[in-house]
There are 2 protein chains.
Amino acid sequence: MAVRRSATPTLADVAAEAGVSQATASRALADSPLVNENTRRRVWEVSERLRFQPNRLARSLRRGATMAVGLVVPDVGASFYASALKSAQDVLEAAGYHVLVLNSGRAAAREREALRTLRAHQVDGLLVATSGGYEDIGVPAVFFDNVPAQRGAGAVAMDNDGGVRLLVDHLVDVHGHERIAYMGPPEAVGTGADDVLQGAGRERLEAFRAAVGRAGLPLPPEYVRTSEPASFEEDARVAARELMALAQPPTAMVGGSDTLATGLLRGLRERGRRVPEDVALVSFDEPVSADLLDPPMTCLDRHDRDLGRMAAEALLRALAGDEGPPGTVRVPAALSVRRSCGCDLTEGGV
Amino acid sequence: MAVRRSATPTLADVAAEAGVSQATASRALADSPLVNENTRRRVWEVSERLRFQPNRLARSLRRGATMAVGLVVPDVGASFYASALKSAQDVLEAAGYHVLVLNSGRAAAREREALRTLRAHQVDGLLVATSGGYEDIGVPAVFFDNVPAQRGAGAVAMDNDGGVRLLVDHLVDVHGHERIAYMGPPEAVGTGADDVLQGAGRERLEAFRAAVGRAGLPLPPEYVRTSEPASFEEDARVAARELMALAQPPTAMVGGSDTLATGLLRGLRERGRRVPEDVALVSFDEPVSADLLDPPMTCLDRHDRDLGRMAAEALLRALAGDEGPPGTVRVPAALSVRRSCGCDLTEGGV
DNA sequence: AATCCTTGTGCAAAGGATTGCAGAACGGCG
DNA sequence: CGCCGTTCTGCAATCCTTTGCACAAGGATT
């Protein structure tokens with residue numbers, strides 16, 4: 001004869017219906033050995049009949065742990081993050097954690113907001129692809145993609161240096177290019193104060209400079225460009241057009257991300273340049289359907305899945321208190337050679 | 001001299017530090033007119049100095065509302081959902097809601113689990129692209145992409161029928177095809193019991209049959225295929241190969257989604273068929289970089305952004321209690337003609 | 001028969017913010 | 001000087017679950 005609340009039944013309802021106290025009901029549902037087998041069964045039966053679902057707000061409040069983690073990414077819409085996010089989520093959910101995904105829109109300020117929100121939600125941990133706005137909220141954090149210099153947190157990132165080197169070396173050693181331009185993501189993920197962000201953008205840029213230098217090639221300043229955070233695609237398009245308008249246009253281009261590479265390709269098309277006949281083009285990230293593009297794009301294998309998974313696993317370790325070394329794990333890159341670099345795969349030759 | 005808790009300051013800390021009661025502190029931070037201006041300022045000042053952040057668990061528990069909504073999608077990794085998700089999230093966050101994103105992995109059972117989880121989290125509302133496992137959890141829900149027949153909830157979906165008609169009519173009227181095959185997403189999003197799901201898969205399939213019928217064309221059963229939920233890409237690839245192995249292979253194919261279309265394209269390549277010279281190909285959704293594919297893909301404009309935004313707005317209305325008519329809003333489709341259908345854009349003719 | 005375990009169960013506090021209600025302080029008015 | 005209204009504050013209850021502690025019942029032991 002308990003008054004049934006219209007919305008969701010509460011533990012009190014279950015207890016009343018089963019004729020036990022809330023405490024016993026709680027313990028019964030937790031399968032505690034402290035409660036008698038018959039009582040346990042009775043409570044479970046009632047609980048299922050009423051479709052009882054413990055209120056996580058109350059539980060978390062009492063327990064001091066939410067079993068939820070926050071995931072902060074620059075842009076869920078970008079395929080790299082969407083895909084990394086998914087694999088991270090799968091791992092974390094399998095471990096019983098819930099995932100709150102927040103967008104930072106590649107803006108440090110919005111990222112800080114997102115972090116505060118997550119703190120307010122009392123998340124137990126954090127997975128962040130930072131846009132420069134990271135600040136400690138007192139829970140274990142693991143970084144991926146971008147790695148803040150700040151110590152004390154693990155990180156998983158691509159081997160940007162090795163990856164860029166593969167791309168440049170291929171253009172130089174195999175195809176003999178001597179005028180190579182680079183279009184990268186924003187260099188300085190503008191971070192305040194003392195925390196210098198070791199962002200993927202900067203790493204790739206420096207790696208490019210180093211690789212070109214090692215090859216003994218000249219690198220006019222106009223050959224090095226970076227995009228604004230908000231307009232990758234568009235910036236790359238105009239960059240390609242402007243690069244081709246130079247007195248000495250490059251004979252090859254490196255796109256620092258999938259979006260940048262497709263943007264470059266569009267720009268080249270608009271100028272009537274053929275790839276790879278007129279200009280070679282390679283990409284750091286793998287564009288979606290890279291093999292179906294015209295021309296098929298030579299790029300680095302994308303390890304978005306691995307990255308997401310590894311970051312999630314690192315976070316789980318941190319949450320479990322396994323204080324491993326908080327270093328940065330680098331995921332190696334591998335080159336997928338297709339046609340945009342100039343390789344002629346149908347013949348097998350160059 | 002208040003004992004500062006190491007982790008996060010609580011309202012009690014702020015109150016003590018400001019020399020007022022918790023009640024006053026709470027009201028001050030809520031900018032209630034009940035509290036004296038000076039007191040208000042003092043509390044705010046302390047709150048900011050301590051970087052106080054109200055515990056949402058406690059607040060929501062007390063208030064009975066979480067200002068959080070759940071978003072259930074088949075696959076966050078798929079570009080359509082990733083993109084729709086993002087725009088929905090932007091709208092909802094702008095309105096002060098937080099978004100919990102859960103994957104159903106295109107499985108009804110996992111979707112049910114996700115919904116229970118969201119109920120446990122006490123979300124205030126739901127945005128769901130159902131995979132057939134929807135069940136009422138007692139909060140306002142808005143559907144997108146797939147529309148369950150069940151009444152009482154609004155829905156936003158593409159005009160599947162009109163879209164398919166555009167594709168088929170173009171193939172028939174402009175290019176004169178008479179043997180058109182269709183590869184679609186799973187037809188029956190297997191839903192239990194009495195709730196018949198009006199899924200996008202079924203709608204598109206029926207629209208295809210109707211459009212072919214209207215054109216007076218024959219439709220051998222082998223020409224109509226659907227994929228399994230788990231393996232769109234792969235299923236489409238083998239479908240294309242098998243279709244081309246028929247005694248009477250189709251001269252045109254319709255891909256029921258972006259992934260299916262790129263899968264078909266791969267399959268055709270593998271069989272050495274050229275698109276559009278040997279077989280025409282059009283796609284329902286817009287693949288990423290559709291214009292850069294080889295050949296550029298004729299497809300329907302993707303309205304993922306609009307869909308996400310509109311669904312979010314509908315949910316906000318429902319949350320505000322504006323009980324509009326709970327009907328289904330259909331987003332019209334528009335055809336982006338490129339080369340894969342056989343149109344020769346450089347000449348301007350067919 | 002008294003005492004001591006064992007085994008189950010219940011009471012009540014805790015967790016942090018919100019809010020109805022009561023009451024304090026103070027100015028104004030008769 | 002007494003009373004009434006404002007204007008602020010504070011007490012304490014509430015949201016729901018978990019859990020430390022106490023206690024009841026019953027059998028076993030001396």
# chains A, B, ... in the order shown; residues from 1 in each chain; ligands from 1

$ residues_around --residues "DC26 of chain C" --least-positions-apart "5" --cutoff "12 Å" --atoms "only C-alpha atoms (C1' of nucleotides)" --output "ChimeraX atom specification"
/D:4-8

$ residues_around --residues "DG20 of chain C" --least-positions-apart "4" --cutoff "12 Å" --atoms "only C-alpha atoms (C1' of nucleotides)" --output "compact mmCIF listing (two decimals) with C-alpha atoms (C1' of nucleotides), in the first residue's frame"
# COMPACT_ATOMS: atom_id res chain seq x y z
CA ALA B 23 21.54 29.90 3.35
C1' DC D 11 17.57 27.43 11.27
C1' DA D 12 16.45 23.23 9.77
C1' DA D 13 14.30 20.17 6.58
C1' DT D 14 14.76 18.11 2.12

$ interface_residues --of "chain A" --to "chain C" --cutoff "10 Å" --atoms "only C-alpha atoms (C1' of nucleotides)" --output "ChimeraX atom specification"
/A:20-24,34-36,39,58-64

$ interface_residues --of "chain B" --to "chain A" --cutoff "8 Å" --atoms "only C-alpha atoms" --output "PyMOL selection string"
chain B and resi 7-8+53-58+60-61+75-79+82-83+85-86+99-102+116+119-122+138+262+266+288-289+292-295

$ write_last_selection --atoms "N, CA and C atoms" --output "compact mmCIF listing (two decimals), in the first residue's frame"
# COMPACT_ATOMS: atom_id res chain seq x y z
N ALA B 7 40.53 19.36 -1.40
CA ALA B 7 39.99 19.20 -2.75
C ALA B 7 39.22 20.42 -3.22
N THR B 8 37.94 20.39 -3.09
CA THR B 8 37.13 21.49 -3.58
C THR B 8 36.42 22.16 -2.43
N GLN B 53 32.83 26.23 -6.68
CA GLN B 53 32.04 25.73 -7.79
C GLN B 53 30.96 24.84 -7.19
N PRO B 54 29.71 25.27 -7.25
CA PRO B 54 28.69 24.47 -6.57
C PRO B 54 28.65 23.04 -7.08
N ASN B 55 28.52 22.13 -6.19
CA ASN B 55 28.45 20.72 -6.51
C ASN B 55 27.11 20.42 -7.19
N ARG B 56 27.20 20.07 -8.46
CA ARG B 56 25.97 19.87 -9.21
C ARG B 56 25.20 18.66 -8.73
N LEU B 57 25.90 17.71 -8.15
CA LEU B 57 25.21 16.53 -7.65
C LEU B 57 24.23 16.96 -6.58
N ALA B 58 24.75 17.70 -5.65
CA ALA B 58 23.92 18.15 -4.54
C ALA B 58 22.81 19.06 -5.04
N SER B 60 21.44 19.29 -7.99
CA SER B 60 20.44 18.58 -8.78
C SER B 60 19.58 17.71 -7.89
N LEU B 61 20.21 17.10 -6.92
CA LEU B 61 19.47 16.23 -6.02
C LEU B 61 18.38 17.03 -5.32
N ASP B 75 26.30 5.58 -33.30
CA ASP B 75 27.76 5.52 -33.47
C ASP B 75 28.35 6.93 -33.54
N VAL B 76 28.94 7.38 -32.45
CA VAL B 76 29.54 8.72 -32.47
C VAL B 76 30.65 8.84 -33.49
N GLY B 77 31.22 7.69 -33.87
CA GLY B 77 32.33 7.74 -34.80
C GLY B 77 31.90 8.03 -36.23
N ALA B 78 30.64 7.74 -36.54
CA ALA B 78 30.14 7.97 -37.90
C ALA B 78 29.97 9.48 -38.11
N SER B 79 30.43 9.94 -39.25
CA SER B 79 30.49 11.39 -39.43
C SER B 79 29.12 12.05 -39.34
N ALA B 82 28.40 12.31 -35.64
CA ALA B 82 29.38 13.18 -34.99
C ALA B 82 29.01 14.64 -35.24
N SER B 83 28.63 14.89 -36.46
CA SER B 83 28.34 16.25 -36.85
C SER B 83 26.99 16.73 -36.30
N LEU B 85 25.54 15.57 -33.67
CA LEU B 85 25.80 15.65 -32.24
C LEU B 85 26.40 17.01 -31.89
N LYS B 86 27.37 17.41 -32.66
CA LYS B 86 28.06 18.64 -32.33
C LYS B 86 27.11 19.84 -32.37
N VAL B 99 25.35 17.88 -21.77
CA VAL B 99 24.96 16.79 -22.64
C VAL B 99 25.75 15.53 -22.32
N LEU B 100 25.04 14.47 -22.08
CA LEU B 100 25.68 13.17 -21.89
C LEU B 100 25.49 12.37 -23.17
N VAL B 101 26.59 12.02 -23.79
CA VAL B 101 26.49 11.30 -25.05
C VAL B 101 26.73 9.82 -24.82
N LEU B 102 25.81 9.00 -25.25
CA LEU B 102 26.02 7.57 -25.13
C LEU B 102 25.85 6.89 -26.48
N ARG B 116 18.71 3.44 -19.48
CA ARG B 116 18.65 3.23 -18.03
C ARG B 116 19.72 4.05 -17.35
N ARG B 119 18.60 7.47 -17.15
CA ARG B 119 17.58 7.64 -16.13
C ARG B 119 18.25 7.73 -14.76
N ALA B 120 19.20 6.85 -14.54
CA ALA B 120 19.91 6.87 -13.27
C ALA B 120 20.60 8.22 -13.06
N HIS B 121 21.02 8.83 -14.14
CA HIS B 121 21.66 10.14 -14.05
C HIS B 121 20.64 11.25 -13.92
N GLN B 122 19.38 10.91 -13.98
CA GLN B 122 18.31 11.88 -13.80
C GLN B 122 18.32 12.98 -14.85
N GLY B 138 10.37 8.47 -18.78
CA GLY B 138 9.62 9.48 -18.03
C GLY B 138 10.10 10.90 -18.20
N THR B 262 30.46 4.85 -50.32
CA THR B 262 31.91 4.69 -50.50
C THR B 262 32.26 3.21 -50.54
N ARG B 266 34.26 1.31 -53.59
CA ARG B 266 35.41 0.43 -53.42
C ARG B 266 35.19 -0.90 -54.12
N VAL B 288 32.18 12.44 -46.69
CA VAL B 288 33.13 13.50 -46.41
C VAL B 288 33.93 13.78 -47.68
N SER B 289 34.14 15.05 -47.98
CA SER B 289 34.88 15.43 -49.18
C SER B 289 34.32 14.80 -50.45
N LEU B 292 35.84 15.71 -53.66
CA LEU B 292 37.23 15.36 -53.96
C LEU B 292 37.39 13.89 -54.31
N LEU B 293 36.29 13.15 -54.25
CA LEU B 293 36.39 11.72 -54.54
C LEU B 293 36.59 11.52 -56.03
N ASP B 294 36.99 10.33 -56.36
CA ASP B 294 37.17 9.99 -57.76
C ASP B 294 36.17 8.91 -58.11
N PRO B 295 35.11 9.21 -58.79
CA PRO B 295 34.71 10.54 -59.25
C PRO B 295 34.00 11.31 -58.14

$ select_by_dssp --residues "segment 214-347 of chain A" --states "alpha helix (DSSP H)" --output "VMD selection string"
chain A and resid 214 232 to 244 258 to 270 304 to 319

$ closest_residue --among "B:Val238, B:Ala312, B:Leu205, B:Ala25" --to "chain D" --atoms "only C-alpha atoms (C1' of nucleotides)"
B:Ala25

$ select_by_dssp --residues "segment 29-139 of chain A" --states "strand (DSSP E or B)" --output "list of chain:residue names"
A:Ala68, A:Val69, A:Gly70, A:Leu71, A:Val72, A:Val73, A:His98, A:Val99, A:Leu100, A:Val101, A:Leu102, A:Asn103, A:Gly125, A:Leu126, A:Leu127, A:Val128

$ write_last_selection --atoms "C-alpha atoms" --output "compact mmCIF listing (two decimals), in the first residue's frame"
# COMPACT_ATOMS: atom_id res chain seq x y z
CA ALA A 68 32.14 9.41 -14.49
CA VAL A 69 34.99 10.89 -16.44
CA GLY A 70 35.15 14.00 -18.54
CA LEU A 71 36.40 14.06 -22.08
CA VAL A 72 37.39 17.41 -23.50
CA VAL A 73 38.08 17.71 -27.21
CA HIS A 98 30.33 7.09 -17.83
CA VAL A 99 31.69 9.68 -20.15
CA LEU A 100 30.81 13.33 -20.36
CA VAL A 101 31.98 14.79 -23.63
CA LEU A 102 32.55 18.50 -23.89
CA ASN A 103 33.68 20.60 -26.80
CA GLY A 125 38.98 11.77 -14.02
CA LEU A 126 39.77 13.60 -17.19
CA LEU A 127 40.82 12.83 -20.73
CA VAL A 128 41.79 15.93 -22.56

$ interface_residues --of "chain D" --to "chain A" --cutoff "8 Å" --atoms "only C-alpha atoms (C1' of nucleotides)" --output "PDB file with C-alpha atoms (C1' of nucleotides), in the first residue's frame"
ATOM      1  C1'  DC D  16      18.228   9.825  -2.011  1.00  0.00           C
ATOM      2  C1'  DT D  17      21.606   6.590  -1.066  1.00  0.00           C
ATOM      3  C1'  DT D  18      25.260   4.544   1.646  1.00  0.00           C
TER       4       DT D  18
END

$ residues_around --residues "segment 239-246 of chain B" --least-positions-apart "4" --cutoff "9 Å" --atoms "only C-alpha atoms (C1' of nucleotides)" --output "PyMOL selection string"
chain B and resi 181+183+222-223+225-227+234-235+250+253+263-268+270-271+273

$ write_last_selection --atoms "C-alpha atoms" --output "PDB file, in the first residue's frame"
ATOM      1  CA  ALA B 181      20.189  -1.384 -57.676  1.00  0.00           C
ATOM      2  CA  MET B 183      22.133  -0.875 -51.106  1.00  0.00           C
ATOM      3  CA  GLU B 222      18.704  -9.245 -56.231  1.00  0.00           C
ATOM      4  CA  TYR B 223      18.857  -5.531 -56.897  1.00  0.00           C
ATOM      5  CA  ARG B 225      20.170  -5.230 -50.608  1.00  0.00           C
ATOM      6  CA  THR B 226      20.643  -4.072 -47.073  1.00  0.00           C
ATOM      7  CA  SER B 227      23.621  -4.182 -44.790  1.00  0.00           C
ATOM      8  CA  GLU B 234      32.250  -4.104 -45.907  1.00  0.00           C
ATOM      9  CA  ASP B 235      28.753  -5.264 -46.796  1.00  0.00           C
ATOM     10  CA  PRO B 250      22.622  -3.008 -62.806  1.00  0.00           C
ATOM     11  CA  MET B 253      23.470   2.012 -57.964  1.00  0.00           C
ATOM     12  CA  GLY B 263      31.750   0.964 -49.860  1.00  0.00           C
ATOM     13  CA  LEU B 264      30.035   0.434 -53.191  1.00  0.00           C
ATOM     14  CA  LEU B 265      32.640   2.563 -54.883  1.00  0.00           C
ATOM     15  CA  ARG B 266      35.414   0.434 -53.425  1.00  0.00           C
ATOM     16  CA  GLY B 267      33.693  -2.739 -54.531  1.00  0.00           C
ATOM     17  CA  LEU B 268      33.272  -1.429 -58.060  1.00  0.00           C
ATOM     18  CA  GLU B 270      37.932  -3.895 -57.100  1.00  0.00           C
ATOM     19  CA  ARG B 271      35.913  -5.385 -59.956  1.00  0.00           C
ATOM     20  CA  ARG B 273      34.402  -1.062 -63.059  1.00  0.00           C
TER      21      ARG B 273
END
